[in-house]
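Contents: one structure, followed by commentary.
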Amino acid sequence: MNFNEIPKIELHTHLEGCAPPAFIRGLAAEKSIDISGIFDADGGYAFRDFDHFLSVYEAACTTLTSPEDFRRLTMAVLEETAAHGVVYMESFVSPDFCGGGDLAAWKDYLAAIEDAANEAEEKLGITMKGIVTGIRHFGPEACKPAAKCAAETFGSFITGYGMAGGEMMGRPGDYAYSFDMAREAGIPLTCHAGEWGGPSMVAETIRDLKVARIGHGIGAIEDADLVAEIADKGIVLEVCPGSNVVLKAVNGWADHPILKLRDAGVKVTVSTDDPPFFHTTMTAEYEMLHKTFGCDEADFKAMNEAALAAAFCDDETRTRVAKRLEPAA
Ligand SMILES: [Zn+2]
């Protein structure tokens, strides 16, 4: 099986988190910003644990200071992603990192990102959509401008609202205002939960934020009733196994619950989250799922079909992308 060539749908990536380290180093050099401390001897991103990962991530983001930076970033990321067979990618984009939550600035950054996405679609055949993201550890108040930015720019490119960042900051209900604002604007919703917070965080996220998808969600496996509820409601999990292994949210690939969740009826999908941080690619994720659990072409096909059905894009895009999942004639 050629894992690289399988056409893939990826629902859970963070745009800045996909930044190749060399790209960030280049920007830092252009701007004389010293972030040498975030890299290891081989030039990769270096961090000790999840909290340190968040601070290294934010340090890398200090080099991204203009819409032009984000245009270049988006193109670099889509080139890398397309090289792993991804035909459709949703990426979290954050007004906090794009103009500090200011709506006018956000629109400028967004126009640059969208411009690069259009160029990549034409050149590389990969479609990208954006999910505006509040950063949880910045607190509930800071998520409100992000939701406002989502409501004001929801359309053909911005197709969702979500929340990322430190999951253990507050409870999901503390962030209900932002999610309500986005929902009232008709925006599909997702939220990171159950990467660290266990089943109660997943259950409260479903109850209080009324999301269609959950980022990670693997903590649900500890509660069989919750797993049944997720399956019944058709809530889709954006599972990122390699990320979970590197950040030690699970003890290793063999302990990852992705197939247990699937076999319990949950719709699971596969994504890379922040691939260069976690030394992964979509090709590597598929290879490890095959090696660890024996996943075959039929399994990957089912996961990609589940992902496309759960994608936040419009139906015209969904139909167009579906054709790219079919084997070449
Ligand atoms: Zn994530």
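So you can find residues: chains in the structure tokens are A, B, ... in the order shown, residues in each start at 1, and ligands are numbered from 1 in order.
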Please, which residues have at least one atom within 12 Å of an atom of ligand 1, using only C-alpha atoms and all ligand atoms, listed as number ranges by chain?
A: 10-18, 50, 53-54, 57, 90-93, 131, 133-136, 162-167, 190-196, 214-217, 237-244, 247, 270-275, 277-278
Using the chain letters and numbers from this document, which residues of stretch 247-289 of chain A does DSSP assign to alpha helix (DSSP H), as a VMD selection string?
chain A and resid 258 to 263 282 to 289
Residues of the last selection are to be written out with N, CA and C atoms, as a compact mmCIF listing (two decimals), in the first residue's frame.
```txt
# COMPACT_ATOMS: atom_id res chain seq x y z
N ILE A 258 -8.32 5.04 19.06
CA ILE A 258 -9.05 5.41 17.84
C ILE A 258 -9.93 4.27 17.30
N LEU A 259 -9.40 3.05 17.26
CA LEU A 259 -10.22 1.98 16.69
C LEU A 259 -11.28 1.49 17.66
N LYS A 260 -11.00 1.57 18.96
CA LYS A 260 -12.03 1.22 19.95
C LYS A 260 -13.22 2.15 19.81
N LEU A 261 -12.93 3.43 19.63
CA LEU A 261 -14.00 4.40 19.44
C LEU A 261 -14.77 4.10 18.15
N ARG A 262 -14.04 3.83 17.09
CA ARG A 262 -14.70 3.53 15.81
C ARG A 262 -15.56 2.28 15.93
N ASP A 263 -15.00 1.26 16.58
CA ASP A 263 -15.75 -0.01 16.68
C ASP A 263 -16.97 0.12 17.58
N MET A 282 0.55 13.26 7.21
CA MET A 282 -0.59 12.36 7.02
C MET A 282 -0.10 10.98 6.54
N THR A 283 0.94 10.97 5.72
CA THR A 283 1.50 9.69 5.29
C THR A 283 1.96 8.87 6.50
N ALA A 284 2.67 9.54 7.41
CA ALA A 284 3.19 8.85 8.60
C ALA A 284 2.05 8.36 9.50
N GLU A 285 0.98 9.17 9.62
CA GLU A 285 -0.17 8.73 10.43
C GLU A 285 -0.75 7.43 9.87
N TYR A 286 -0.92 7.40 8.54
CA TYR A 286 -1.50 6.19 7.92
C TYR A 286 -0.57 5.00 8.09
N GLU A 287 0.73 5.24 7.91
CA GLU A 287 1.70 4.14 8.08
C GLU A 287 1.62 3.56 9.49
N MET A 288 1.54 4.45 10.49
CA MET A 288 1.51 3.97 11.88
C MET A 288 0.18 3.28 12.19
N LEU A 289 -0.93 3.77 11.64
CA LEU A 289 -2.22 3.11 11.86
C LEU A 289 -2.22 1.72 11.22
```
Separation of atom CA of A:Pro95 from atom CA of A:Thr319 in Å:
29.5 Å
If you count only C-alpha atoms, which residues fall within 12 Å of A:Arg320, apart from same-chain ones fewer than 2 positions away, as a list in words?
Val87, Tyr88, Gly125, Ile126, Thr127, Leu308, Cys313, Asp314, Asp315, Glu316, Thr317, Arg318, Ala322, Lys323, Arg324, Leu325 and Glu326 of chain A
Please produce an output containing C-alpha atoms for each residue in the selection, written as a compact mmCIF listing (two decimals), in the first residue's frame.
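Once everything was written out, this is again04.txt:
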```txt
# COMPACT_ATOMS: atom_id res chain seq x y z
CA VAL A 87 -6.92 16.94 -1.17
CA TYR A 88 -8.95 18.89 1.39
CA GLY A 125 -5.34 20.69 -6.37
CA ILE A 126 -5.74 21.02 -2.60
CA THR A 127 -8.74 22.82 -1.11
CA LEU A 308 -15.68 14.64 4.01
CA CYS A 313 -17.59 23.33 3.58
CA ASP A 314 -20.58 23.94 1.32
CA ASP A 315 -22.06 21.05 -0.63
CA GLU A 316 -20.68 22.23 -3.98
CA THR A 317 -17.16 21.96 -2.54
CA ARG A 318 -18.00 18.60 -0.93
CA ALA A 322 -15.53 13.71 -3.38
CA LYS A 323 -14.38 13.22 -6.98
CA ARG A 324 -10.76 13.54 -5.83
CA LEU A 325 -11.26 10.65 -3.38
CA GLU A 326 -12.14 8.30 -6.20
```
Pick out the residues sitting within 10 Å of A:His290, and hand them over as an MDAnalysis selection string; count only C-alpha atoms, and ignore anything fewer than 4 positions along from it in its own chain.
chainID A and resid 1 3 284:286 294:297 299:300
Go ahead and write the residues just picked, C-alpha atoms, as a PDB file, in the first residue's frame.
```pdb
ATOM      1  CA  MET A   1       0.000   0.000   0.000  1.00  0.00           C
ATOM      2  CA  PHE A   3       0.252   5.486   1.983  1.00  0.00           C
ATOM      3  CA  ALA A 284       3.191   8.847   8.604  1.00  0.00           C
ATOM      4  CA  GLU A 285      -0.167   8.729  10.431  1.00  0.00           C
ATOM      5  CA  TYR A 286      -1.497   6.192   7.917  1.00  0.00           C
ATOM      6  CA  GLY A 294      -3.552  -3.230  10.583  1.00  0.00           C
ATOM      7  CA  CYS A 295      -5.678  -0.457   9.089  1.00  0.00           C
ATOM      8  CA  ASP A 296      -6.119  -1.100   5.380  1.00  0.00           C
ATOM      9  CA  GLU A 297      -7.370   0.783   2.362  1.00  0.00           C
ATOM     10  CA  ASP A 299     -10.447   1.590   6.767  1.00  0.00           C
ATOM     11  CA  PHE A 300      -8.796   4.710   5.374  1.00  0.00           C
TER      12      PHE A 300
END
```
Can you tell me, as a PyMOL selection string, what residues are no more than 12 Å from A:Ala120 when counting only C-alpha atoms, ignoring any on the same chain fewer than 4 positions away?
chain A and resi 71-83+87-89+113-116+124-129
Next, write the just-selected residues to a file, as a compact mmCIF listing (two decimals), in the first residue's frame, keeping C-alpha atoms as the atom set.
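Writing done, so here's selection.txt:
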```
# COMPACT_ATOMS: atom_id res chain seq x y z
CA ARG A 71 0.17 34.44 2.74
CA ARG A 72 3.65 32.91 2.52
CA LEU A 73 2.92 30.62 5.47
CA THR A 74 -0.30 29.33 3.91
CA MET A 75 1.44 28.56 0.63
CA ALA A 76 4.34 26.78 2.38
CA VAL A 77 1.91 24.72 4.48
CA LEU A 78 -0.33 23.74 1.56
CA GLU A 79 2.67 22.66 -0.55
CA GLU A 80 3.78 20.37 2.26
CA THR A 81 0.27 19.07 2.96
CA ALA A 82 -0.55 18.41 -0.70
CA ALA A 83 2.71 16.42 -1.00
CA VAL A 87 -6.92 16.94 -1.17
CA TYR A 88 -8.95 18.89 1.39
CA MET A 89 -7.73 20.47 4.62
CA ILE A 113 -4.61 33.56 3.66
CA GLU A 114 -7.54 33.07 1.31
CA ASP A 115 -5.53 34.42 -1.61
CA ALA A 116 -2.81 31.82 -0.99
CA LEU A 124 -1.74 21.89 -6.34
CA GLY A 125 -5.34 20.69 -6.37
CA ILE A 126 -5.74 21.02 -2.60
CA THR A 127 -8.74 22.82 -1.11
CA MET A 128 -8.36 24.63 2.19
CA LYS A 129 -11.07 26.04 4.46
```
